[in-house]
Each structure stands twice: as structure tokens, then as C-alpha cells.
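Colleague: query_24.cif is the file, holding mmCIF, N, CA and C atoms; chains and numbers go by the auth columns:
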```cif
data_input
loop_
_atom_site.group_PDB
_atom_site.id
_atom_site.type_symbol
_atom_site.label_atom_id
_atom_site.label_comp_id
_atom_site.label_asym_id
_atom_site.label_seq_id
_atom_site.Cartn_x
_atom_site.Cartn_y
_atom_site.Cartn_z
_atom_site.B_iso_or_equiv
_atom_site.auth_seq_id
_atom_site.auth_asym_id
ATOM 1 N N ASP A 1 -0.410 -4.113 12.613 0.00 1 A
ATOM 2 C CA ASP A 1 -1.325 -5.185 12.280 0.00 1 A
ATOM 3 C C ASP A 1 -2.544 -4.661 11.520 0.00 1 A
ATOM 4 N N ARG A 2 -3.015 -3.483 11.940 0.00 2 A
ATOM 5 C CA ARG A 2 -4.196 -2.909 11.275 0.00 2 A
ATOM 6 C C ARG A 2 -3.882 -2.557 9.821 0.00 2 A
ATOM 7 N N ALA A 3 -2.692 -2.055 9.568 0.00 3 A
ATOM 8 C CA ALA A 3 -2.318 -1.706 8.194 0.00 3 A
ATOM 9 C C ALA A 3 -2.333 -2.947 7.298 0.00 3 A
ATOM 10 N N LEU A 4 -1.801 -4.049 7.811 0.00 4 A
ATOM 11 C CA LEU A 4 -1.803 -5.289 7.024 0.00 4 A
ATOM 12 C C LEU A 4 -3.222 -5.770 6.779 0.00 4 A
ATOM 13 N N GLU A 5 -4.070 -5.635 7.782 0.00 5 A
ATOM 14 C CA GLU A 5 -5.466 -6.029 7.605 0.00 5 A
ATOM 15 C C GLU A 5 -6.121 -5.196 6.500 0.00 5 A
ATOM 16 N N LEU A 6 -5.843 -3.910 6.480 0.00 6 A
ATOM 17 C CA LEU A 6 -6.425 -3.043 5.449 0.00 6 A
ATOM 18 C C LEU A 6 -5.871 -3.366 4.064 0.00 6 A
ATOM 19 N N PHE A 7 -4.572 -3.633 3.980 0.00 7 A
ATOM 20 C CA PHE A 7 -4.002 -4.057 2.697 0.00 7 A
ATOM 21 C C PHE A 7 -4.711 -5.312 2.198 0.00 7 A
ATOM 22 N N ASP A 8 -4.862 -6.302 3.085 0.00 8 A
ATOM 23 C CA ASP A 8 -5.463 -7.578 2.694 0.00 8 A
ATOM 24 C C ASP A 8 -6.933 -7.433 2.314 0.00 8 A
ATOM 25 N N LEU A 9 -7.666 -6.647 3.067 0.00 9 A
ATOM 26 C CA LEU A 9 -9.079 -6.430 2.740 0.00 9 A
ATOM 27 C C LEU A 9 -9.229 -5.714 1.401 0.00 9 A
ATOM 28 N N THR A 10 -8.379 -4.750 1.156 0.00 10 A
ATOM 29 C CA THR A 10 -8.427 -4.023 -0.116 0.00 10 A
ATOM 30 C C THR A 10 -8.083 -4.951 -1.278 0.00 10 A
ATOM 31 N N ALA A 11 -7.041 -5.754 -1.112 0.00 11 A
ATOM 32 C CA ALA A 11 -6.629 -6.675 -2.177 0.00 11 A
ATOM 33 C C ALA A 11 -7.701 -7.728 -2.449 0.00 11 A
ATOM 34 N N ALA A 12 -8.470 -8.103 -1.436 0.00 12 A
ATOM 35 C CA ALA A 12 -9.506 -9.115 -1.609 0.00 12 A
ATOM 36 C C ALA A 12 -10.779 -8.567 -2.237 0.00 12 A
ATOM 37 N N ASP A 13 -10.923 -7.263 -2.292 0.00 13 A
ATOM 38 C CA ASP A 13 -12.116 -6.632 -2.857 0.00 13 A
ATOM 39 C C ASP A 13 -12.179 -6.887 -4.362 0.00 13 A
ATOM 40 N N GLU A 14 -13.310 -7.339 -4.829 0.00 14 A
ATOM 41 C CA GLU A 14 -13.489 -7.675 -6.255 0.00 14 A
ATOM 42 C C GLU A 14 -13.254 -6.495 -7.201 0.00 14 A
ATOM 43 N N ARG A 15 -13.432 -5.275 -6.709 0.00 15 A
ATOM 44 C CA ARG A 15 -13.244 -4.098 -7.575 0.00 15 A
ATOM 45 C C ARG A 15 -11.821 -3.998 -8.105 0.00 15 A
ATOM 46 N N TRP A 16 -10.853 -4.567 -7.397 0.00 16 A
ATOM 47 C CA TRP A 16 -9.462 -4.421 -7.799 0.00 16 A
ATOM 48 C C TRP A 16 -8.934 -5.629 -8.557 0.00 16 A
ATOM 49 N N ARG A 17 -9.743 -6.659 -8.679 0.00 17 A
ATOM 50 C CA ARG A 17 -9.294 -7.860 -9.399 0.00 17 A
ATOM 51 C C ARG A 17 -9.036 -7.531 -10.865 0.00 17 A
ATOM 52 N N ARG A 18 -7.997 -8.121 -11.387 0.00 18 A
ATOM 53 C CA ARG A 18 -7.647 -7.967 -12.808 0.00 18 A
ATOM 54 C C ARG A 18 -7.422 -6.512 -13.225 0.00 18 A
ATOM 55 N N THR A 19 -6.878 -5.731 -12.330 0.00 19 A
ATOM 56 C CA THR A 19 -6.526 -4.358 -12.682 0.00 19 A
ATOM 57 C C THR A 19 -5.087 -4.102 -12.276 0.00 19 A
ATOM 58 N N PRO A 20 -4.445 -3.132 -12.901 0.00 20 A
ATOM 59 C CA PRO A 20 -3.084 -2.763 -12.469 0.00 20 A
ATOM 60 C C PRO A 20 -3.065 -2.253 -11.019 0.00 20 A
ATOM 61 N N ARG A 21 -4.186 -1.789 -10.541 0.00 21 A
ATOM 62 C CA ARG A 21 -4.234 -1.288 -9.170 0.00 21 A
ATOM 63 C C ARG A 21 -3.985 -2.391 -8.152 0.00 21 A
ATOM 64 N N LEU A 22 -4.442 -3.595 -8.435 0.00 22 A
ATOM 65 C CA LEU A 22 -4.209 -4.703 -7.512 0.00 22 A
ATOM 66 C C LEU A 22 -2.711 -4.948 -7.356 0.00 22 A
ATOM 67 N N ARG A 23 -1.990 -4.926 -8.444 0.00 23 A
ATOM 68 C CA ARG A 23 -0.534 -5.108 -8.360 0.00 23 A
ATOM 69 C C ARG A 23 0.107 -4.023 -7.509 0.00 23 A
ATOM 70 N N GLU A 24 -0.361 -2.792 -7.663 0.00 24 A
ATOM 71 C CA GLU A 24 0.193 -1.689 -6.877 0.00 24 A
ATOM 72 C C GLU A 24 -0.148 -1.842 -5.394 0.00 24 A
ATOM 73 N N ILE A 25 -1.342 -2.309 -5.096 0.00 25 A
ATOM 74 C CA ILE A 25 -1.729 -2.555 -3.703 0.00 25 A
ATOM 75 C C ILE A 25 -0.821 -3.616 -3.092 0.00 25 A
ATOM 76 N N LEU A 26 -0.603 -4.691 -3.816 0.00 26 A
ATOM 77 C CA LEU A 26 0.240 -5.768 -3.302 0.00 26 A
ATOM 78 C C LEU A 26 1.707 -5.348 -3.210 0.00 26 A
ATOM 79 N N ARG A 27 2.150 -4.526 -4.132 0.00 27 A
ATOM 80 C CA ARG A 27 3.512 -4.002 -4.085 0.00 27 A
ATOM 81 C C ARG A 27 3.690 -3.111 -2.859 0.00 27 A
ATOM 82 N N SER A 28 2.675 -2.289 -2.588 0.00 28 A
ATOM 83 C CA SER A 28 2.720 -1.412 -1.413 0.00 28 A
ATOM 84 C C SER A 28 2.789 -2.234 -0.132 0.00 28 A
ATOM 85 N N ARG A 29 2.007 -3.302 -0.087 0.00 29 A
ATOM 86 C CA ARG A 29 2.025 -4.186 1.084 0.00 29 A
ATOM 87 C C ARG A 29 3.413 -4.800 1.268 0.00 29 A
ATOM 88 N N GLU A 30 4.014 -5.200 0.162 0.00 30 A
ATOM 89 C CA GLU A 30 5.341 -5.805 0.216 0.00 30 A
ATOM 90 C C GLU A 30 6.379 -4.836 0.769 0.00 30 A
ATOM 91 N N VAL A 31 6.361 -3.596 0.299 0.00 31 A
ATOM 92 C CA VAL A 31 7.309 -2.589 0.774 0.00 31 A
ATOM 93 C C VAL A 31 7.077 -2.303 2.253 0.00 31 A
ATOM 94 N N PHE A 32 5.811 -2.193 2.637 0.00 32 A
ATOM 95 C CA PHE A 32 5.455 -1.953 4.035 0.00 32 A
ATOM 96 C C PHE A 32 5.993 -3.084 4.922 0.00 32 A
ATOM 97 N N CYS A 33 5.741 -4.320 4.523 0.00 33 A
ATOM 98 C CA CYS A 33 6.193 -5.480 5.308 0.00 33 A
ATOM 99 C C CYS A 33 7.717 -5.548 5.365 0.00 33 A
ATOM 100 N N ASP A 34 8.366 -5.256 4.264 0.00 34 A
ATOM 101 C CA ASP A 34 9.821 -5.282 4.229 0.00 34 A
ATOM 102 C C ASP A 34 10.394 -4.294 5.232 0.00 34 A
ATOM 103 N N TYR A 35 9.815 -3.119 5.308 0.00 35 A
ATOM 104 C CA TYR A 35 10.344 -2.103 6.221 0.00 35 A
ATOM 105 C C TYR A 35 10.062 -2.442 7.679 0.00 35 A
ATOM 106 N N PHE A 36 8.818 -2.801 7.987 0.00 36 A
ATOM 107 C CA PHE A 36 8.432 -2.988 9.379 0.00 36 A
ATOM 108 C C PHE A 36 8.711 -4.382 9.932 0.00 36 A
ATOM 109 N N TYR A 37 8.719 -5.404 9.070 0.00 37 A
ATOM 110 C CA TYR A 37 8.860 -6.765 9.557 0.00 37 A
ATOM 111 C C TYR A 37 10.043 -7.517 8.954 0.00 37 A
ATOM 112 N N GLY A 38 10.558 -7.022 7.868 0.00 38 A
ATOM 113 C CA GLY A 38 11.629 -7.742 7.170 0.00 38 A
ATOM 114 C C GLY A 38 12.982 -7.099 7.399 0.00 38 A
ATOM 115 N N GLY A 39 13.860 -7.325 6.478 0.00 39 A
ATOM 116 C CA GLY A 39 15.217 -6.818 6.588 0.00 39 A
ATOM 117 C C GLY A 39 15.442 -5.498 5.887 0.00 39 A
ATOM 118 N N ASN A 40 14.367 -4.860 5.441 0.00 40 A
ATOM 119 C CA ASN A 40 14.446 -3.590 4.705 0.00 40 A
ATOM 120 C C ASN A 40 15.378 -3.707 3.501 0.00 40 A
ATOM 121 N N GLN A 41 15.162 -4.739 2.709 0.00 41 A
ATOM 122 C CA GLN A 41 15.973 -4.961 1.517 0.00 41 A
ATOM 123 C C GLN A 41 15.814 -3.847 0.489 0.00 41 A
ATOM 124 N N TYR A 42 14.680 -3.155 0.525 0.00 42 A
ATOM 125 C CA TYR A 42 14.450 -2.070 -0.433 0.00 42 A
ATOM 126 C C TYR A 42 15.093 -0.765 0.012 0.00 42 A
ATOM 127 N N GLY A 43 15.626 -0.734 1.219 0.00 43 A
ATOM 128 C CA GLY A 43 16.297 0.469 1.707 0.00 43 A
ATOM 129 C C GLY A 43 15.342 1.618 1.970 0.00 43 A
ATOM 130 N N SER A 44 14.130 1.307 2.377 0.00 44 A
ATOM 131 C CA SER A 44 13.137 2.347 2.658 0.00 44 A
ATOM 132 C C SER A 44 13.522 3.132 3.910 0.00 44 A
ATOM 133 N N THR A 45 13.083 4.370 3.929 0.00 45 A
ATOM 134 C CA THR A 45 13.237 5.228 5.106 0.00 45 A
ATOM 135 C C THR A 45 11.851 5.715 5.497 0.00 45 A
ATOM 136 N N PRO A 46 11.700 6.203 6.729 0.00 46 A
ATOM 137 C CA PRO A 46 10.394 6.770 7.096 0.00 46 A
ATOM 138 C C PRO A 46 9.958 7.871 6.124 0.00 46 A
ATOM 139 N N GLU A 47 10.905 8.654 5.679 0.00 47 A
ATOM 140 C CA GLU A 47 10.589 9.742 4.752 0.00 47 A
ATOM 141 C C GLU A 47 10.128 9.217 3.394 0.00 47 A
ATOM 142 N N SER A 48 10.808 8.182 2.894 0.00 48 A
ATOM 143 C CA SER A 48 10.428 7.655 1.579 0.00 48 A
ATOM 144 C C SER A 48 9.055 6.991 1.635 0.00 48 A
ATOM 145 N N LEU A 49 8.757 6.305 2.743 0.00 49 A
ATOM 146 C CA LEU A 49 7.433 5.693 2.892 0.00 49 A
ATOM 147 C C LEU A 49 6.353 6.756 3.006 0.00 49 A
ATOM 148 N N GLU A 50 6.630 7.805 3.760 0.00 50 A
ATOM 149 C CA GLU A 50 5.641 8.876 3.897 0.00 50 A
ATOM 150 C C GLU A 50 5.375 9.534 2.543 0.00 50 A
ATOM 151 N N LYS A 51 6.417 9.787 1.791 0.00 51 A
ATOM 152 C CA LYS A 51 6.254 10.394 0.468 0.00 51 A
ATOM 153 C C LYS A 51 5.448 9.477 -0.455 0.00 51 A
ATOM 154 N N TYR A 52 5.742 8.176 -0.420 0.00 52 A
ATOM 155 C CA TYR A 52 5.058 7.204 -1.275 0.00 52 A
ATOM 156 C C TYR A 52 3.570 7.123 -0.938 0.00 52 A
ATOM 157 N N PHE A 53 3.253 6.969 0.354 0.00 53 A
ATOM 158 C CA PHE A 53 1.867 6.793 0.760 0.00 53 A
ATOM 159 C C PHE A 53 1.082 8.099 0.792 0.00 53 A
ATOM 160 N N PHE A 54 1.763 9.232 0.830 0.00 54 A
ATOM 161 C CA PHE A 54 1.078 10.527 0.799 0.00 54 A
ATOM 162 C C PHE A 54 0.243 10.675 -0.464 0.00 54 A
ATOM 163 N N HIS A 55 0.747 10.196 -1.571 0.00 55 A
ATOM 164 C CA HIS A 55 0.020 10.325 -2.833 0.00 55 A
ATOM 165 C C HIS A 55 -1.296 9.545 -2.811 0.00 55 A
ATOM 166 N N TYR A 56 -1.302 8.406 -2.138 0.00 56 A
ATOM 167 C CA TYR A 56 -2.552 7.650 -1.973 0.00 56 A
ATOM 168 C C TYR A 56 -3.539 8.428 -1.108 0.00 56 A
ATOM 169 N N ALA A 57 -3.032 8.995 -0.019 0.00 57 A
ATOM 170 C CA ALA A 57 -3.891 9.761 0.891 0.00 57 A
ATOM 171 C C ALA A 57 -4.474 10.978 0.164 0.00 57 A
ATOM 172 N N LEU A 58 -3.654 11.636 -0.629 0.00 58 A
ATOM 173 C CA LEU A 58 -4.117 12.805 -1.380 0.00 58 A
ATOM 174 C C LEU A 58 -5.179 12.410 -2.395 0.00 58 A
ATOM 175 N N ALA A 59 -4.956 11.336 -3.110 0.00 59 A
ATOM 176 C CA ALA A 59 -5.949 10.891 -4.094 0.00 59 A
ATOM 177 C C ALA A 59 -7.264 10.517 -3.423 0.00 59 A
ATOM 178 N N ALA A 60 -7.178 9.845 -2.281 0.00 60 A
ATOM 179 C CA ALA A 60 -8.408 9.479 -1.566 0.00 60 A
ATOM 180 C C ALA A 60 -9.135 10.723 -1.087 0.00 60 A
ATOM 181 N N ARG A 61 -8.404 11.692 -0.634 0.00 61 A
ATOM 182 C CA ARG A 61 -9.012 12.943 -0.151 0.00 61 A
ATOM 183 C C ARG A 61 -9.688 13.709 -1.286 0.00 61 A
ATOM 184 N N LEU A 62 -9.039 13.741 -2.444 0.00 62 A
ATOM 185 C CA LEU A 62 -9.578 14.484 -3.571 0.00 62 A
ATOM 186 C C LEU A 62 -10.797 13.814 -4.188 0.00 62 A
ATOM 187 N N SER A 63 -10.912 12.505 -4.014 0.00 63 A
ATOM 188 C CA SER A 63 -12.029 11.794 -4.620 0.00 63 A
ATOM 189 C C SER A 63 -13.319 11.889 -3.796 0.00 63 A
ATOM 190 N N LYS A 64 -13.237 12.451 -2.620 0.00 64 A
ATOM 191 C CA LYS A 64 -14.424 12.586 -1.767 0.00 64 A
ATOM 192 C C LYS A 64 -15.238 13.795 -2.124 0.00 64 A
#
```
Any chance you could put this one into C-alpha cells?
Modeller:
Amino acid sequence: DRALELFDLTAADERWRRTPRLREILRSREVFCDYFYGGNQYGSTPESLEKYFFHYALAARLSK
């Protein structure tokens, strides 16, 4: 639930409006929801999700 809240808060932030980043945020939310709450139509695995989200974590870490 907390992850979805963070996705939604980030998507609602004006800084991401009208940027390609907003689409990526919403796409990430969709993949997350599909895996944890949906039918996993994208065929995600724990490993593929970790690899995908690791790049976000690394970028956030490097920007500090």
C-alpha cells in the first residue's frame, strides 16, 4: 500500500507534469500493480522487478 501511495504522490507532483518522466512513473506503477495485485500479464519476476527498480534507486542515490 505504501508503494502505491508513493507512486501516486510522485505522479501528482507538478514537477513531473508534461514530461516523459511522468509516463515512466505511471508505467512503473502499472507493472508493480500487475505483479502484486493483478494477473502478472507482463510476466514479471521478483528478479526482473528488482533489476528494473534498482536503476531508480541508484539514480536517486547518485543525485544526493
Colleague: Have a look at CA of Tyr56 (chain A) and CA of Ser28 (chain A) and let me know their distance in Å, one decimal.
Modeller: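 Answer for the CA of Tyr56 (chain A) to CA of Ser28 (chain A) separation: 10.5 Å.
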Colleague: Looking at only C-alpha atoms, which of A:Leu62, A:Leu4, A:Ala57, A:Leu49 is the one that sits closest to Arg29 (chain A)?
Modeller: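 For Arg29 (chain A), the nearest of the candidates is A:Leu4.
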Colleague: Mind giving me the straight-line distance from CA of Arg61 (chain A) to CA of Ile25 (chain A) in Å, one decimal?
Modeller: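 Taking CA of Arg61 (chain A) as the start and CA of Ile25 (chain A) as the end point, the length is 17.5 Å.
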Colleague: Using CA of Val31 (chain A) and CA of Arg15 (chain A) as the two end points, give the distance in Å to one decimal.
Modeller: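 CA of Arg15 (chain A) lies at a distance of 22.2 Å from CA of Val31 (chain A).
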Colleague: Can you pull out the residues contacting Leu26 (chain A)? Cut-off 9 Å, using only C-alpha atoms, and skip same-chain residues under 6 positions away; I want them as a list in words.
Modeller: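 The filter keeps Phe7, Asp8 and Ala11 of chain A.
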Colleague: Padding of 3 Å on every side, edges along x, y and z, all listed atoms of region 27-45 of chain A included: what centre and edge lengths in Å, to one decimal, does that box have, as AutoDock Vina command-line options?
Modeller:
```
--center_x 9.2 --center_y -1.0 --center_z 2.9 --size_x 20.3 --size_y 19.5 --size_z 20.1
```
